[in-house]
Amino acid sequence: MSLRRWLATSPVVVALAASGCAGNQSAFAPTGIDADRINLLFWIMTLAGGVILLAVMILTALVIARPAWFRRRIANDRFVIGAGIVFPMVTLTVLLTYGLLMMRAGAPLAAGQETLRIAVSGEQWWWRVTYRDSRGQQMESANEIRIPVGRPVALELTTADVIHSFWVPNLAGKLDMIPGRTNVLTLQATEKGISRGQCAEYCGGAHAMMSLHVVALPENEFQDWWLREAAPASGPDYAEQQWGRQVFLESGCGSCHTVRGTPAQGKIGPDLTHVGSRLSLAAATLPNDAEAFARWIRDNQHIKPENRMPGYTIFSVEQLAVLAAYLEGLK
């Protein structure tokens, strides 16, 4: 590529690269305390590294341009030891110490703040989410986490199969989910909004389709949501949904899925009690509407290959439509 063509196309390349650093899955748009610290630390270390790189480039240019006596002075042992050993050790020690202090590594949660505890289990290829409050009340959801703004939330990260990694760039750094271990990640949102997360450790064929949403709500909205979420599923409102509920129960869907308030108590797949109120389906793979429900039930192995749910081609067009309507109505 000629220099003229490179200069012409480079602004486009830079613009496209910058566009990937924005939005609801970007570490450069922090909406949480930890993500804000990570962002600041990144820029400090980037600027420090840039200054050092510039100094090295200038020194290299001087060595090339200056006469032999200048090169001999640069090559003496004192300069090599000072610039090549002492300076990196001091600089890296300062940056490491500053980073540990800024990120408050190992520091306990702020005293006097009630901490919401949420157990998140990574499974191929979705997220099991279990809420626990200070009174011991517990409820389960999937592929979506709702948290109150300003309150620390302790995520107890585990895995049901292989290594996964939980990462919501807007809110905090990533943390691995290791078989046999429970790692704890603390989130504290600073503003209302929706952040997108991703499994950050390759975990199998559909790894790229293992995403989730974290919804930060003001405390009063979170409490209202909690009361609705803790309640059992609402009854079907229309004859179509009632037929769909019958199809759901008679087809054995309840052996894998739970719908609180019904005989369906399965634990293999996601809890569907309020699935119609979530932002997406299939771990942020599909939109949440009746058409997407029908597609997933019929063609899920094409959408997310090798997931544990078989494709149900046994349903007639009418059965599939009413079943999708029932699931969409679980709000």
# chains A, B, ... in the order shown; residues from 1 in each chain; ligands from 1
$ residues_around --residues "Arg117 (chain A)" --least-positions-apart "5" --cutoff "8 Å" --atoms "only C-alpha atoms" --output "PyMOL selection string"
chain A and resi 131-133+153-156
$ write_last_selection --atoms "N, CA and C atoms" --output "PDB file, in the first residue's frame"
ATOM      1  N   TYR A 131     -30.537 -15.306  43.243  1.00  0.00           N
ATOM      2  CA  TYR A 131     -30.495 -14.158  44.153  1.00  0.00           C
ATOM      3  C   TYR A 131     -30.722 -14.619  45.586  1.00  0.00           C
ATOM      4  N   ARG A 132     -29.956 -14.002  46.518  1.00  0.00           N
ATOM      5  CA  ARG A 132     -30.157 -14.244  47.945  1.00  0.00           C
ATOM      6  C   ARG A 132     -30.107 -12.911  48.666  1.00  0.00           C
ATOM      7  N   ASP A 133     -31.118 -12.627  49.497  1.00  0.00           N
ATOM      8  CA  ASP A 133     -31.072 -11.399  50.278  1.00  0.00           C
ATOM      9  C   ASP A 133     -30.659 -11.697  51.711  1.00  0.00           C
ATOM     10  N   VAL A 153     -22.721  -5.349  45.243  1.00  0.00           N
ATOM     11  CA  VAL A 153     -23.327  -6.642  44.931  1.00  0.00           C
ATOM     12  C   VAL A 153     -22.207  -7.660  44.800  1.00  0.00           C
ATOM     13  N   ALA A 154     -22.247  -8.697  45.625  1.00  0.00           N
ATOM     14  CA  ALA A 154     -21.224  -9.739  45.602  1.00  0.00           C
ATOM     15  C   ALA A 154     -21.702 -10.877  44.707  1.00  0.00           C
ATOM     16  N   LEU A 155     -20.996 -11.089  43.600  1.00  0.00           N
ATOM     17  CA  LEU A 155     -21.313 -12.192  42.700  1.00  0.00           C
ATOM     18  C   LEU A 155     -20.463 -13.394  43.081  1.00  0.00           C
ATOM     19  N   GLU A 156     -21.104 -14.486  43.468  1.00  0.00           N
ATOM     20  CA  GLU A 156     -20.405 -15.722  43.817  1.00  0.00           C
ATOM     21  C   GLU A 156     -20.343 -16.579  42.555  1.00  0.00           C
TER      22      GLU A 156
END
$ select_by_dssp --residues "region 32-176 of chain A" --states "strand (DSSP E)" --output "PyMOL selection string"
chain A and resi 116-123+126-132+138-142+144-148+153-159+164-167+175-176
$ write_last_selection --atoms "C-alpha atoms" --output "mmCIF file, in the first residue's frame"
data_model
loop_
_atom_site.group_PDB
_atom_site.id
_atom_site.type_symbol
_atom_site.label_atom_id
_atom_site.label_comp_id
_atom_site.auth_asym_id
_atom_site.auth_seq_id
_atom_site.Cartn_x
_atom_site.Cartn_y
_atom_site.Cartn_z
ATOM 1 C CA LEU A 116 -26.778 -8.252 47.895
ATOM 2 C CA ARG A 117 -25.383 -11.702 47.142
ATOM 3 C CA ILE A 118 -26.013 -13.310 43.769
ATOM 4 C CA ALA A 119 -24.772 -16.770 42.822
ATOM 5 C CA VAL A 120 -23.859 -16.994 39.138
ATOM 6 C CA SER A 121 -23.087 -20.376 37.635
ATOM 7 C CA GLY A 122 -21.610 -20.658 34.154
ATOM 8 C CA GLU A 123 -23.038 -23.511 32.104
ATOM 9 C CA TRP A 126 -25.849 -19.877 29.530
ATOM 10 C CA TRP A 127 -25.812 -18.300 33.014
ATOM 11 C CA ARG A 128 -27.776 -19.583 36.013
ATOM 12 C CA VAL A 129 -28.495 -16.651 38.348
ATOM 13 C CA THR A 130 -29.655 -17.160 41.956
ATOM 14 C CA TYR A 131 -30.495 -14.158 44.153
ATOM 15 C CA ARG A 132 -30.157 -14.244 47.945
ATOM 16 C CA GLN A 138 -33.855 -16.951 47.318
ATOM 17 C CA MET A 139 -35.054 -16.951 43.724
ATOM 18 C CA GLU A 140 -33.597 -18.046 40.416
ATOM 19 C CA SER A 141 -33.361 -16.464 36.994
ATOM 20 C CA ALA A 142 -31.112 -16.847 33.961
ATOM 21 C CA GLU A 144 -29.795 -11.533 33.189
ATOM 22 C CA ILE A 145 -28.766 -9.843 36.435
ATOM 23 C CA ARG A 146 -30.537 -6.894 38.025
ATOM 24 C CA ILE A 147 -28.708 -4.859 40.651
ATOM 25 C CA PRO A 148 -29.442 -1.693 42.669
ATOM 26 C CA VAL A 153 -23.327 -6.642 44.931
ATOM 27 C CA ALA A 154 -21.224 -9.739 45.602
ATOM 28 C CA LEU A 155 -21.313 -12.192 42.700
ATOM 29 C CA GLU A 156 -20.405 -15.722 43.817
ATOM 30 C CA LEU A 157 -19.018 -17.199 40.611
ATOM 31 C CA THR A 158 -18.978 -20.960 40.028
ATOM 32 C CA THR A 159 -19.159 -23.281 37.062
ATOM 33 C CA HIS A 164 -15.829 -19.901 32.131
ATOM 34 C CA SER A 165 -15.005 -16.249 32.787
ATOM 35 C CA PHE A 166 -17.465 -13.547 33.868
ATOM 36 C CA TRP A 167 -16.852 -10.131 32.331
ATOM 37 C CA LEU A 175 -12.954 -13.069 36.868
ATOM 38 C CA ASP A 176 -12.594 -16.735 35.970
#
$ select_by_dssp --residues "region 38-153 of chain A" --states "alpha helix (DSSP H)" --output "number ranges by chain"
A: 38-65, 68-74, 77-81, 87-103
$ residues_around --residues "region 313-317 of chain A" --least-positions-apart "6" --cutoff "10 Å" --atoms "only C-alpha atoms" --output "count of residues only"
7
